[in-house]
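A.B. asks: I'd like to ask you about the structure that follows.
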Amino acid sequence: MSDKGSHGDGHPSNTDTPLVVWGAGVKHPRPVTAKDHSDHVLRFIDQHLHDAPTPKEWDLDGIERVDVNQADIAPLMSTLLGLPCPVNSVGNLPLGYVDMKEEEEVEAVLANTKQILNQFLRKSQIKQSHSLFFKPFKPLASYFSMLNQIEELLSARDYKAAMQLSENLRSLALKGLHYFQTYDLLMLMATITLGYIGWMVFLVLHVLQAYTLLPGDIFRKEEAVHEKSNTGKAQLCGCLFMAVVSVLLFLEHSPPLYHAYFAMTIFLWTQILNEYKFIKALWRYLCGRKSDYVIKLLALGVVSVIILELLVHSFTERKLYTWCFLIVGAIASIYLYKSIPWRSGIPVFVCLTCWFLSLFTLMPAEIPDNNKLVNASGVMVIVIGLTGKWLDLNAGVNRFWFGICNHEKRKPRFPMLFQLQALFVGLSSVMVFLSTSHRTEKQELHTIHQLMNWFIAGFSMILPLFSENGLLSRLNSIFLGFAPPFLLLSIGYEAVFYGALGLVLIAWILFENSLLYVHKVNKSSASGKNLGEHAFLENDTRYLQLSDMRIPLTFMVLFNVAFFGTGNFASIASFEISSVYRFITVFSPFLMAALLIFKLFIPFLLVICAFSAITKLLEVPRIGCYFLVILCSDVMTIHFFFLVKNTGSWMEIGNSISHFGIMSAQVVFVLLLFALTNIYTKDIEIRSGSRDSRKVM
């Protein structure tokens with residue numbers, strides 16, 4: 001456990017526990033006589049040696065310490081009490097603690113060995129009775145003769161050889177026990193991995209068919225000829241194979257989840273086989289293209305995998321985001337500098353905002369209280385909102401802001417909406433100060449203060465629905481609308497992170513808008529060449545292109561920054577619960593957890609709103625981009641699947657499982673957040689000039 005009370009990490013100060021043994025049958029302390037301990041060659045479950053330093057305040061510097069695994073304590077207590085070892089114990093008797101005759105030590109170790117061996121035999125018996133193709137653990141095929149040999153050595157008083165043979169047999173029994181505990185591991189991991197790969201291949205095929213402009217005539221002709229026969233054969237083969245697998249699993253008394261794993265994997269690969277003609281035609285298409293196109297495709301795949309692997313490692317090393325935003329900010333600004341004039345200010349803005357956001361992943365995951373910083377963040381949010389409002393009204397004439405600003409000078413529906421939102425942000429800062437001052441002075445939070453906090457947080461989130469439907473004006477309103485609840489739930493620098501994230505999202509939109517402008521200029525200068533690349537789908541969105549892969553990749557980076565920018569999302573215990581006292585003062589774990597989770601989701605909502613706005617700006621299909629986001633998430637999920645561990649500290653085990661669970665669930669809750677944010681972004685309108693170019697074309 002950490003000093004804060006949550007699960008500790010793998011540091012010895014959080015995992016090492018003093019073990020004190022005294023009484024009859026216990027050895028006296030022994031002074032350290034050599035550099036290494038008597039059992040220094042042994043290793044623990046978490047792979048560290050018996051060489052951890054003893055704290056000086058214990059005043060035991062000259063005494064040899066005998067470290068044990070946690071499971072070793074059960075056989076130690078049983079031996080000292082003269083009782084049999086617990087049936088399911090997997091511990092080794094630590095002889096460094098017991099004071100017995102040599103014969104008694106051998107008998108105690110032999111009893112420990114037989115207890116573990118019985119577990120192995122029971123596991124082997126159960127698995128053999130259920131398996132159609134049983135594979136025994138060969139090293140223990142002659143365990144009975146080994147037991148007889150130990151008994152003979154005891155009778156001959158050869159205790160040293162009997163001890164060595166008993167320990168070897170115990171080690172083999174533990175390995176055999178692990179063998180049967182993980183008997184189906186390879187089969188399950190292979191099935192689940194094939195299921196994930198099949199799901200990703202299926203997604204790629206769906207995106208290529210529905211959202212890209214490939215030589216469609218070739219595919220349609222081939223599918224029209226072979227669609228019925230090919231589909232029927234693939235489905236028949238899939239059904240027969242599933243029937244055979246289900247019968248085998250039923251005969252082996254496999255759990256229901258085994259059936260689900262196999263069924264989903266076979267179903268996905270059956271669907272892929274249905275597209276055999278499409279895959280064959282796609283392969284011929286790629287072989288017929290120039291080598292430059294194939295190299296570009298492979299380069300995109302390699303870069304995508306590298307970015308996703310960096311995101312995987314960022315779950316344990318948050319500082320990677322710092323380097324990411326420092327490098328990306330510099331590269332993006334240089335690229336824009338070569339494409340658009342420097343005086344537009346966009347290259348500098350993109351660089352500075354990325355560098356500003358890079359600071360937060362250097363800060364501690366456990367956020368210290370800083371009430372003044374939260375209040376200052378409220379001022380920063382208002383300043384950002386004022387700047388956005390001014391740009392929305394005055395920057396539309398600039399060609400680099402074309403399409404995202406409010407170009408219609410008509411009277412707004414609610415003229416005082418911006419002032420009202422800024423007022424709510426200011427009130428939330430005031431309420432943060434009042435609520436915190438009451439808590440620090442150990443005074444009860446007044447009911448009127450609680451009601452005001454609930455009202456400010458709830459009402460401010462409704463106001464963006466009444467804002468203007470220009471891209472920048474709506475996003476600015478959403479940013480101001482979710483600021484009050486986030487500030488009321490903040491205790492320190494995470495309030496500043498909210499403003500920094502909002503600036504980076506605007507920088508992302510400006511970057512994409514600049515690329516769109518440069519693309520239109522190049523397209524007009526090309527005098528109508530390559531018109532096929534700009535064909536549109538039925539819902540006024542264009543087909544996806546290879547370069548559009550940057551959109552889901554950027555989304556994944558920003559979405560994960562929202563995860564870990566201000567803490568460790570894998571453990572809700574890493575977030576300070578004191579911020580919820582501004583809304584509730586009576587201990588209510590479910591409501592407190594709900595408020596904390598809501599606070600964590602607010603940055604995600606901002607990222608998804610920006611993502612939706614960009615898909616509208618670029619006229620790309622949002623669902624197609626969402627499928628690519630799922631594809632990226634599944635690549636990371638497979639990696640986390642192989643990183644799940646069952647040894648080490650509780651925090652290491654729990655984090656490995658929670659990381660895998662987060663990425664697995666991300667597909668679902670991203671879809672839910674898409675549906676929620678669609679309420680705010682569905683009526684965003686892009687400046688009509690972006691579609692006029694389509695008509696001219």
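Labeling convention for the structure tokens: chains A, B, ... as they appear, residues from 1 per chain, ligands from 1 in order of appearance.
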What's the 12 Å shell around segment 71-87 of chain A, counting only C-alpha atoms, without same-chain residues fewer than 2 positions away, as a ChimeraX atom specification?
C.D. replies: /A:17,19-27,44-45,66-69,89-100,104-120,122
A.B. asks: Just want the 9 Å neighbourhood of segment 444-458 of chain A, counted on only C-alpha atoms, with same-chain residues fewer than 3 positions away dropped. Output as a PyMOL selection string.
C.D. replies: chain A and resi 424-425+427-428+431-432+434-435+438-439+441+461-462+481-486+488+581-585
A.B. asks: Pick out the closest residue to Cys625 of chain A from this set: A:His253, A:Lys319, A:His313, A:His206. Count only C-alpha atoms.
C.D. replies: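 Smallest distance to Cys625 of chain A is found for A:His206.
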A.B. asks: Which neighbours of segment 541-545 of chain A fall inside 10 Å, counting only C-alpha atoms, when residues of the same chain fewer than 6 positions from it are skipped, and could you give them as number ranges by chain?
C.D. replies: A: 207-208, 210-214, 532-535, 615-622, 624-625
A.B. asks: If we count only C-alpha atoms and set the cut-off at 10 Å, which residues sit around Leu203 of chain A, ignoring sequence neighbours fewer than 2 positions away in its own chain? Please answer as a ChimeraX atom specification.
C.D. replies: /A:197-201,205-209,272,624,627-628,630-631
A.B. asks: From the DSSP assignment of the backbone, select every residue of segment 489-684 of chain A that is alpha helix (DSSP H), and format the answer as a VMD selection string.
C.D. replies: chain A and resid 494 to 525 550 to 564 589 to 618 622 to 643 650 to 681
A.B. asks: Identify, on the basis of only C-alpha atoms, every residue whose closest approach to Gly195 of chain A does not exceed 8 Å; exclude the query and any residue fewer than 5 positions from it along the same chain; express the result as a compact mmCIF listing (two decimals) with C-alpha atoms, in the first residue's frame.
C.D. replies:
```txt
# COMPACT_ATOMS: atom_id res chain seq x y z
CA TYR A 261 -14.56 -17.25 -28.08
CA MET A 264 -16.99 -15.20 -32.61
CA THR A 265 -13.63 -16.06 -34.18
CA ILE A 266 -15.15 -18.53 -36.67
CA LEU A 268 -15.53 -13.28 -38.30
```
A.B. asks: Using only C-alpha atoms, which residue out of A:Ser514, A:Ala500, A:Leu480, A:Leu320 lies closest to Ser344 of chain A?
C.D. replies: A:Ser514
A.B. asks: For segment 667-682 of chain A, work out the shell of residues within 8 Å, counting only C-alpha atoms and skipping chain neighbours fewer than 4 positions away, then give it as JSON, numbers by chain.
C.D. replies: {"A": [464, 465, 474, 478, 604, 605, 608, 609, 612, 613, 630, 633, 663]}
A.B. asks: Can you write out the residues you just picked, keeping C-alpha atoms, as a PDB file, in the first residue's frame?
C.D. replies:
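Saved as part-v1.pdb:
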```pdb
ATOM      1  CA  PRO A 464     -24.116  25.277 -25.733  1.00  0.00           C
ATOM      2  CA  LEU A 465     -27.251  23.870 -27.379  1.00  0.00           C
ATOM      3  CA  ARG A 474     -20.237  26.155 -31.294  1.00  0.00           C
ATOM      4  CA  ILE A 478     -19.031  23.818 -25.675  1.00  0.00           C
ATOM      5  CA  PHE A 604     -13.020  13.125 -23.764  1.00  0.00           C
ATOM      6  CA  LEU A 605     -16.153  15.033 -24.741  1.00  0.00           C
ATOM      7  CA  ILE A 608     -14.772  13.954 -29.647  1.00  0.00           C
ATOM      8  CA  CYS A 609     -16.508  17.281 -30.362  1.00  0.00           C
ATOM      9  CA  SER A 612     -16.753  15.517 -35.188  1.00  0.00           C
ATOM     10  CA  ALA A 613     -16.152  19.118 -36.255  1.00  0.00           C
ATOM     11  CA  ILE A 630     -11.748   1.033 -33.595  1.00  0.00           C
ATOM     12  CA  SER A 633      -7.841   0.613 -30.532  1.00  0.00           C
ATOM     13  CA  MET A 663      -8.770  -0.486 -24.361  1.00  0.00           C
TER      14      MET A 663
END
```
A.B. asks: Identify which of the residues A:Leu121, A:Leu154, A:Leu487, A:Leu273 lies closest to Phe180 of chain A, counting only C-alpha atoms when measuring atom-to-atom distances.
C.D. replies: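 Closest to Phe180 of chain A, using only C-alpha atoms: A:Leu121.
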A.B. asks: Return the single residue from A:Leu310, A:Ala141, A:Ile192, A:Cys239 that is closest to Thr270 of chain A, with distances computed using only C-alpha atoms.
C.D. replies: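 Result for the nearest residue to Thr270 of chain A: A:Cys239.
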